Structure formats: structure tokens, C-alpha cells
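Next comes final.cif, a file with mmCIF, C-alpha atoms.
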```
data_work
loop_
_atom_site.group_PDB
_atom_site.id
_atom_site.type_symbol
_atom_site.label_atom_id
_atom_site.label_comp_id
_atom_site.auth_asym_id
_atom_site.auth_seq_id
_atom_site.Cartn_x
_atom_site.Cartn_y
_atom_site.Cartn_z
ATOM 1 C CA MET A 271 110.740 72.258 50.319
ATOM 2 C CA MET A 272 108.524 74.376 52.645
ATOM 3 C CA ALA A 273 108.681 71.666 55.327
ATOM 4 C CA ARG A 274 112.517 71.658 55.260
ATOM 5 C CA VAL A 275 112.639 75.474 55.583
ATOM 6 C CA ARG A 276 110.201 75.335 58.499
ATOM 7 C CA ASP A 277 112.201 72.489 60.099
ATOM 8 C CA ARG A 278 115.412 74.547 59.809
ATOM 9 C CA ARG A 279 113.654 77.553 61.416
ATOM 10 C CA ILE A 280 112.397 75.369 64.251
ATOM 11 C CA SER A 281 115.834 73.806 64.649
ATOM 12 C CA ARG A 282 117.477 77.260 64.699
ATOM 13 C CA SER A 283 114.894 78.471 67.284
ATOM 14 C CA LEU A 284 115.555 75.460 69.480
ATOM 15 C CA MET A 285 119.316 76.078 69.313
ATOM 16 C CA VAL A 286 118.778 79.699 70.390
ATOM 17 C CA ILE A 287 116.632 78.557 73.309
ATOM 18 C CA VAL A 288 119.145 75.888 74.371
ATOM 19 C CA SER A 289 122.057 78.306 74.150
ATOM 20 C CA SER A 290 120.114 80.962 76.080
ATOM 21 C CA LEU A 291 119.325 78.480 78.833
ATOM 22 C CA ALA A 292 122.934 77.322 78.938
ATOM 23 C CA MET A 293 124.156 80.917 79.236
ATOM 24 C CA LEU A 294 121.742 81.484 82.103
ATOM 25 C CA MET A 295 123.057 78.346 83.785
ATOM 26 C CA VAL A 296 126.649 79.568 83.684
ATOM 27 C CA GLY A 297 125.698 83.071 84.725
ATOM 28 C CA THR A 298 126.719 84.954 81.585
ATOM 29 C CA ARG A 299 124.856 88.003 80.413
ATOM 30 C CA ALA A 300 125.945 87.734 76.787
ATOM 31 C CA ILE A 301 123.374 87.742 74.040
ATOM 32 C CA ALA A 302 123.707 84.903 71.556
ATOM 33 C CA SER A 303 124.288 85.907 67.952
ATOM 34 C CA GLU A 304 123.544 83.529 65.103
ATOM 35 C CA ASP A 305 127.287 82.728 64.816
ATOM 36 C CA SER A 306 127.602 81.953 68.517
ATOM 37 C CA VAL A 307 124.559 79.707 68.314
ATOM 38 C CA SER A 308 126.178 77.436 65.762
ATOM 39 C CA ASP A 309 129.493 77.506 67.697
ATOM 40 C CA PHE A 310 127.761 76.763 70.986
ATOM 41 C CA SER A 311 125.560 74.023 69.608
ATOM 42 C CA SER A 312 128.619 71.907 68.933
ATOM 43 C CA GLN A 313 129.465 71.916 72.651
ATOM 44 C CA SER A 314 127.857 69.525 75.053
ATOM 45 C CA ILE A 315 125.832 71.148 77.817
ATOM 46 C CA ALA A 316 127.018 68.410 80.139
ATOM 47 C CA SER A 317 130.623 69.552 79.701
ATOM 48 C CA LEU A 318 129.916 73.091 80.929
ATOM 49 C CA ASP A 319 131.465 74.159 84.213
ATOM 50 C CA VAL A 320 128.281 75.071 86.105
ATOM 51 C CA PRO A 321 128.716 76.756 89.499
ATOM 52 C CA PRO A 322 126.952 75.169 92.512
ATOM 53 C CA LEU A 323 123.422 76.357 93.265
ATOM 54 C CA GLY A 324 124.177 77.219 96.884
ATOM 55 C CA SER A 325 121.734 76.787 99.739
ATOM 56 C CA SER A 326 118.584 74.885 98.776
ATOM 57 C CA ASP A 327 116.542 77.312 100.946
ATOM 58 C CA ARG A 328 116.786 79.807 98.095
ATOM 59 C CA TYR A 329 114.917 77.468 95.738
ATOM 60 C CA LEU A 330 112.425 75.608 97.893
ATOM 61 C CA PRO A 331 108.867 76.921 98.370
ATOM 62 C CA GLU A 332 108.015 78.832 101.533
ATOM 63 C CA THR A 333 107.138 76.628 104.465
ATOM 64 C CA ALA A 334 105.411 79.367 106.464
ATOM 65 C CA VAL A 335 101.717 78.623 106.873
ATOM 66 C CA THR A 336 98.939 81.212 106.884
ATOM 67 C CA HIS A 337 97.015 81.479 110.155
ATOM 68 C CA LEU A 338 94.556 83.892 111.781
ATOM 69 C CA ARG A 339 95.268 85.639 115.069
ATOM 70 C CA LEU A 340 92.258 87.264 116.711
ATOM 71 C CA ASP A 341 93.314 89.784 119.367
ATOM 72 C CA LEU A 342 90.264 90.444 121.539
ATOM 73 C CA SER A 343 91.822 93.480 123.257
ATOM 74 C CA ASP A 344 92.706 95.105 119.895
ATOM 75 C CA ARG A 345 89.378 93.974 118.403
ATOM 76 C CA ARG A 346 91.228 93.026 115.240
ATOM 77 C CA VAL A 347 91.911 89.828 113.327
ATOM 78 C CA TYR A 348 95.335 89.469 111.725
ATOM 79 C CA VAL A 349 96.115 87.264 108.738
ATOM 80 C CA GLU A 350 99.714 86.119 109.229
ATOM 81 C CA ARG A 351 102.143 83.916 107.317
ATOM 82 C CA GLY A 352 104.803 82.784 109.742
ATOM 83 C CA GLU A 353 105.868 85.997 111.520
ATOM 84 C CA GLU A 354 104.765 88.240 108.632
ATOM 85 C CA ARG A 355 101.464 90.138 108.902
ATOM 86 C CA ILE A 356 99.595 89.910 105.584
ATOM 87 C CA ALA A 357 96.391 91.780 106.515
ATOM 88 C CA SER A 358 94.485 93.196 109.480
ATOM 89 C CA TYR A 359 90.739 93.755 109.877
ATOM 90 C CA PRO A 360 88.659 95.436 112.614
ATOM 91 C CA VAL A 361 86.021 93.229 114.241
ATOM 92 C CA ALA A 362 83.230 93.128 116.802
ATOM 93 C CA ILE A 363 83.631 90.423 119.443
ATOM 94 C CA GLY A 364 81.388 88.747 122.000
ATOM 95 C CA LYS A 365 79.795 90.696 124.862
ATOM 96 C CA SER A 366 80.909 89.979 128.427
ATOM 97 C CA GLN A 367 77.819 87.745 128.908
ATOM 98 C CA THR A 368 78.589 85.816 125.695
ATOM 99 C CA PRO A 369 82.350 86.167 125.163
ATOM 100 C CA THR A 370 84.309 84.995 122.155
ATOM 101 C CA PRO A 371 86.226 81.923 123.396
ATOM 102 C CA THR A 372 90.014 82.059 123.619
ATOM 103 C CA GLY A 373 92.301 79.240 122.516
ATOM 104 C CA THR A 374 93.599 77.642 119.347
ATOM 105 C CA TYR A 375 91.118 76.350 116.775
ATOM 106 C CA GLU A 376 90.911 75.374 113.113
ATOM 107 C CA VAL A 377 88.604 76.614 110.364
ATOM 108 C CA PHE A 378 86.103 73.806 109.711
ATOM 109 C CA GLN A 379 83.334 75.674 107.852
ATOM 110 C CA MET A 380 83.523 78.092 104.942
ATOM 111 C CA ILE A 381 80.191 79.189 103.494
ATOM 112 C CA GLU A 382 79.495 81.700 100.747
ATOM 113 C CA ASN A 383 76.211 83.598 101.147
ATOM 114 C CA PRO A 384 75.186 81.881 104.385
ATOM 115 C CA ILE A 385 71.552 81.572 105.447
ATOM 116 C CA TRP A 386 70.869 82.577 109.055
ATOM 117 C CA GLN A 387 68.196 81.147 111.323
ATOM 118 C CA SER A 388 67.483 83.038 114.515
ATOM 119 C CA PRO A 389 68.036 80.757 117.533
ATOM 120 C CA TRP A 390 65.385 82.786 119.429
ATOM 121 C CA THR A 391 62.535 83.013 116.914
ATOM 122 C CA GLY A 392 63.423 80.344 114.333
ATOM 123 C CA GLN A 393 62.982 82.919 111.562
ATOM 124 C CA VAL A 394 65.147 82.201 108.508
ATOM 125 C CA THR A 395 66.887 85.154 106.876
ATOM 126 C CA PRO A 396 67.839 84.742 103.212
ATOM 127 C CA PRO A 397 71.484 85.265 102.222
ATOM 128 C CA GLY A 398 72.819 88.673 101.291
ATOM 129 C CA ALA A 399 74.705 91.694 102.566
ATOM 130 C CA ASN A 400 71.851 92.581 104.953
ATOM 131 C CA SER A 401 71.613 89.094 106.463
ATOM 132 C CA ALA A 402 72.824 88.757 110.069
ATOM 133 C CA LEU A 403 75.744 86.679 108.733
ATOM 134 C CA GLY A 404 76.569 88.953 105.807
ATOM 135 C CA LEU A 405 78.244 87.575 102.708
ATOM 136 C CA ARG A 406 80.619 84.958 104.185
ATOM 137 C CA TRP A 407 80.869 82.607 107.160
ATOM 138 C CA ILE A 408 84.116 81.085 108.490
ATOM 139 C CA GLY A 409 83.349 78.702 111.367
ATOM 140 C CA PHE A 410 86.195 77.834 113.731
ATOM 141 C CA ALA A 411 84.912 76.828 117.211
ATOM 142 C CA GLN A 412 82.221 74.291 118.137
ATOM 143 C CA MET A 413 80.735 75.314 121.495
ATOM 144 C CA SER A 414 77.953 73.752 123.555
ATOM 145 C CA ASN A 415 75.646 76.623 122.547
ATOM 146 C CA GLY A 416 76.558 76.632 118.847
ATOM 147 C CA ILE A 417 79.333 77.380 116.381
ATOM 148 C CA ILE A 418 81.522 80.463 116.627
ATOM 149 C CA GLY A 419 82.826 82.025 113.425
ATOM 150 C CA PHE A 420 83.811 85.115 111.502
ATOM 151 C CA HIS A 421 81.028 86.627 109.420
ATOM 152 C CA GLY A 422 79.900 89.775 107.704
ATOM 153 C CA THR A 423 77.305 91.999 109.313
ATOM 154 C CA PRO A 424 74.858 94.744 108.387
ATOM 155 C CA THR A 425 75.312 96.115 111.932
ATOM 156 C CA VAL A 426 78.507 97.965 111.034
ATOM 157 C CA SER A 427 78.171 100.291 114.049
ATOM 158 C CA SER A 428 79.127 97.290 116.236
ATOM 159 C CA ILE A 429 82.583 96.886 114.632
ATOM 160 C CA GLY A 430 85.271 97.682 117.193
ATOM 161 C CA LYS A 431 82.990 96.833 120.132
ATOM 162 C CA ALA A 432 82.102 93.868 122.317
ATOM 163 C CA ALA A 433 78.608 93.410 120.911
ATOM 164 C CA SER A 434 77.986 89.888 119.589
ATOM 165 C CA ASN A 435 76.801 86.580 121.040
ATOM 166 C CA GLY A 436 80.347 85.205 120.715
ATOM 167 C CA CYS A 437 80.875 85.353 116.964
ATOM 168 C CA VAL A 438 83.261 87.736 115.260
ATOM 169 C CA ARG A 439 81.522 90.344 113.115
ATOM 170 C CA MET A 440 83.326 91.955 110.208
ATOM 171 C CA TYR A 441 82.615 94.460 107.471
ATOM 172 C CA ASN A 442 81.347 92.509 104.447
ATOM 173 C CA LYS A 443 84.254 93.748 102.284
ATOM 174 C CA ASP A 444 86.737 92.538 104.926
ATOM 175 C CA VAL A 445 85.208 89.080 105.391
ATOM 176 C CA LEU A 446 85.168 88.685 101.595
ATOM 177 C CA ALA A 447 88.900 89.463 101.476
ATOM 178 C CA MET A 448 89.733 87.210 104.437
ATOM 179 C CA PHE A 449 87.666 84.349 102.987
ATOM 180 C CA GLU A 450 90.061 84.302 100.015
ATOM 181 C CA GLN A 451 93.111 84.160 102.311
ATOM 182 C CA VAL A 452 92.150 81.109 104.386
ATOM 183 C CA GLU A 453 91.155 77.521 103.755
ATOM 184 C CA MET A 454 89.720 74.579 105.640
ATOM 185 C CA GLY A 455 92.127 73.679 108.445
ATOM 186 C CA THR A 456 93.634 77.169 108.791
ATOM 187 C CA THR A 457 94.696 77.724 112.410
ATOM 188 C CA VAL A 458 92.795 80.397 114.360
ATOM 189 C CA ILE A 459 94.475 81.711 117.525
ATOM 190 C CA VAL A 460 92.157 83.728 119.791
ATOM 191 C CA GLN A 461 93.900 85.696 122.530
ATOM 192 C CA HIS A 462 93.326 88.635 124.922
#
```

Take the structure from the file and write it as C-alpha cells.
Amino acid sequence: MMARVRDRRISRSLMVIVSSLAMLMVGTRAIASEDSVSDFSSQSIASLDVPPLGSSDRYLPETAVTHLRLDLSDRRVYVERGEERIASYPVAIGKSQTPTPTGTYEVFQMIENPIWQSPWTGQVTPPGANSALGLRWIGFAQMSNGIIGFHGTPTVSSIGKAASNGCVRMYNKDVLAMFEQVEMGTTVIVQH
């Protein structure tokens, strides 16, 4: 007896759900009462006069792709999706003797808590906020003298200046945020 009562409750719940979905499909704003549920359930959903959906662009996922645009003259990196600017972060760029290269690249390295080895002394610095690479590394350009990338820095006084050996320094909080917004293969456009 309990099973039949439960089955009827489930059946009644399913009819309410089906009728609610059908009302949404035909664009009504009416609320189904228990009487209308039993009346509606006798109709076939296939026989409803459903209006056309319209342009498929309204229902398809966005095709705009996230990319990074590094503006050397602004000393800012912009996270953009299509033409829309999602975020903007101040950066330090390469000095005139070791400039950040311009062009179009792709992210090919993403490292959490990177370890840095000095190219001059060979000394290895353990990962952390006070490491030369900060908390994240996003490599995007392979050059003859090494890899260029975005990274955190403890030298926050350099942000907004031309001060690096070609890499792009960021506040640790900013590189953490940007790291979550990009992925391997994200386009990086570096321009003056």
C-alpha cells in the first residue's frame, strides 16, 4: 500500500514537472494547479503549437576566445575575450638593453610556485612570494637567450617601469588572478 501511495506521489510530481516544462516551451506564465495537471497530462506534448526558437546565435555558446594583450607603452597586460576587456594588470617590462619582444605568441608553460635559478650565479631560489619568479610563471616566448614569461615578483617597486631582462613582472596577486584566466595555447599579443 505504501509503495502505491509513493508511486502516485512520484507520478503526480512527474506530471507537474512535465506540464511546467511544456508551459515554458509555449511561453505561458501560468502556474499549474492540480486540476490543470490532470487536464494537461491527457494532451500530447508533440501536438502543442510551439513557436520557433529564432536565431541559433542566442543559444549557442560564445565563440570568443580569451587572449592576452601586452601593451608595452601602457605597461599593462589586458585579458580580453573577443573585443571585451575582462581584466587589466600593471606590469614591469624589459629594459632597453633587454627588451620584451613584440609579436604574437602562445602560452606554452604554466607553473605554480616556480623555482628560479640565476643565469649569472647558478644559485637556486626556492619557490615562494619572495622568489624572483613569485608565485606563478606563464611562459610565452622562446628566445635564443631563454624563455620570456609573465611572473610574480618581490621587486614591486619595478612595476610600471622598464626594469626586467625581458620578462614581464607582475604583482603576485595579479599573476595569481591571471593564471586562472588563461590556459596552455592562449594567444599573447605583445605590442608597443

For the provided coordinates, the residues matched by the PyMOL selection byres ((chain A and resi 438) around 9) should be stated as a ChimeraX atom specification. /A:361-364,370,418-422,434-437,439-440

So that I have them on file, write out the residues from the current selection with C-alpha atoms, as a compact mmCIF listing (two decimals), in the coordinates of the input.
```
# COMPACT_ATOMS: atom_id res chain seq x y z
CA VAL A 361 86.02 93.23 114.24
CA ALA A 362 83.23 93.13 116.80
CA ILE A 363 83.63 90.42 119.44
CA GLY A 364 81.39 88.75 122.00
CA THR A 370 84.31 85.00 122.16
CA ILE A 418 81.52 80.46 116.63
CA GLY A 419 82.83 82.02 113.42
CA PHE A 420 83.81 85.12 111.50
CA HIS A 421 81.03 86.63 109.42
CA GLY A 422 79.90 89.78 107.70
CA SER A 434 77.99 89.89 119.59
CA ASN A 435 76.80 86.58 121.04
CA GLY A 436 80.35 85.20 120.72
CA CYS A 437 80.88 85.35 116.96
CA ARG A 439 81.52 90.34 113.12
CA MET A 440 83.33 91.96 110.21
```

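Take the PyMOL selection byres ((chain A and resi 456) around 10) and apply it to this file: it picks A:Val335, A:Thr336, A:His337, A:Leu338, A:Tyr375, A:Glu376, A:Val377, A:Phe378, A:Phe410, A:Gln451, A:Val452, A:Glu453, A:Met454, A:Gly455, A:Thr457, A:Val458, A:Ile459.
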
With distances taken over only C-alpha atoms, which residue among A:Gly352, A:Gly324, A:Pro369, A:Gly404 lies nearest Ile385 of chain A? A:Gly404

Figure out the distance between atom CA of Glu350 of chain A and atom CA of Pro424 of chain A, please, to one decimal in Å. 26.3 Å

Coordinates-based distance that separates atom CA of Pro397 of chain A from atom CA of Leu342 of chain A (Å, one decimal): 27.4 Å

Within 9 Å of Val347 of chain A, counting only C-alpha atoms, which residues show up once you throw out same-chain ones fewer than 2 positions away? Write them as a list in words, please. Leu338, Arg339, Leu340, Asp341, Leu342, Asp344, Arg345, Val349, Ala357, Ser358, Tyr359, Pro360, Val361 and Val460 of chain A

How many Å separate atom CA of Phe449 of chain A from atom CA of Gly409 of chain A? 11.0 Å

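Nearest-residue note for Ala334 of chain A: choosing from A:Glu354, A:Gly373, A:Gln393, A:Ile417, the minimum distance belongs to A:Glu354, counting all atoms listed in the file.
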
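For the choices A:Ser388, A:Asn415, A:Asn383, A:Thr423, the atom-to-atom distance to Asn442 of chain A is smallest for A:Thr423 when using all atoms listed in the file.
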
In terms of all atoms listed in the file, the residue from A:Pro384, A:Met413, A:Ala399, A:Trp407 at minimal distance from Thr425 of chain A is A:Ala399

Ranking A:Arg351, A:Leu405, A:Gln379, A:Gln412 by minimum distance to Lys443 of chain A and counting all atoms listed in the file, which one comes first? A:Leu405

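Ranking A:Gln367, A:Ile429, A:Gly392, A:Arg406 by their shortest atom-to-atom distance to Val445 of chain A, with all atoms listed in the file included, puts A:Arg406 first.
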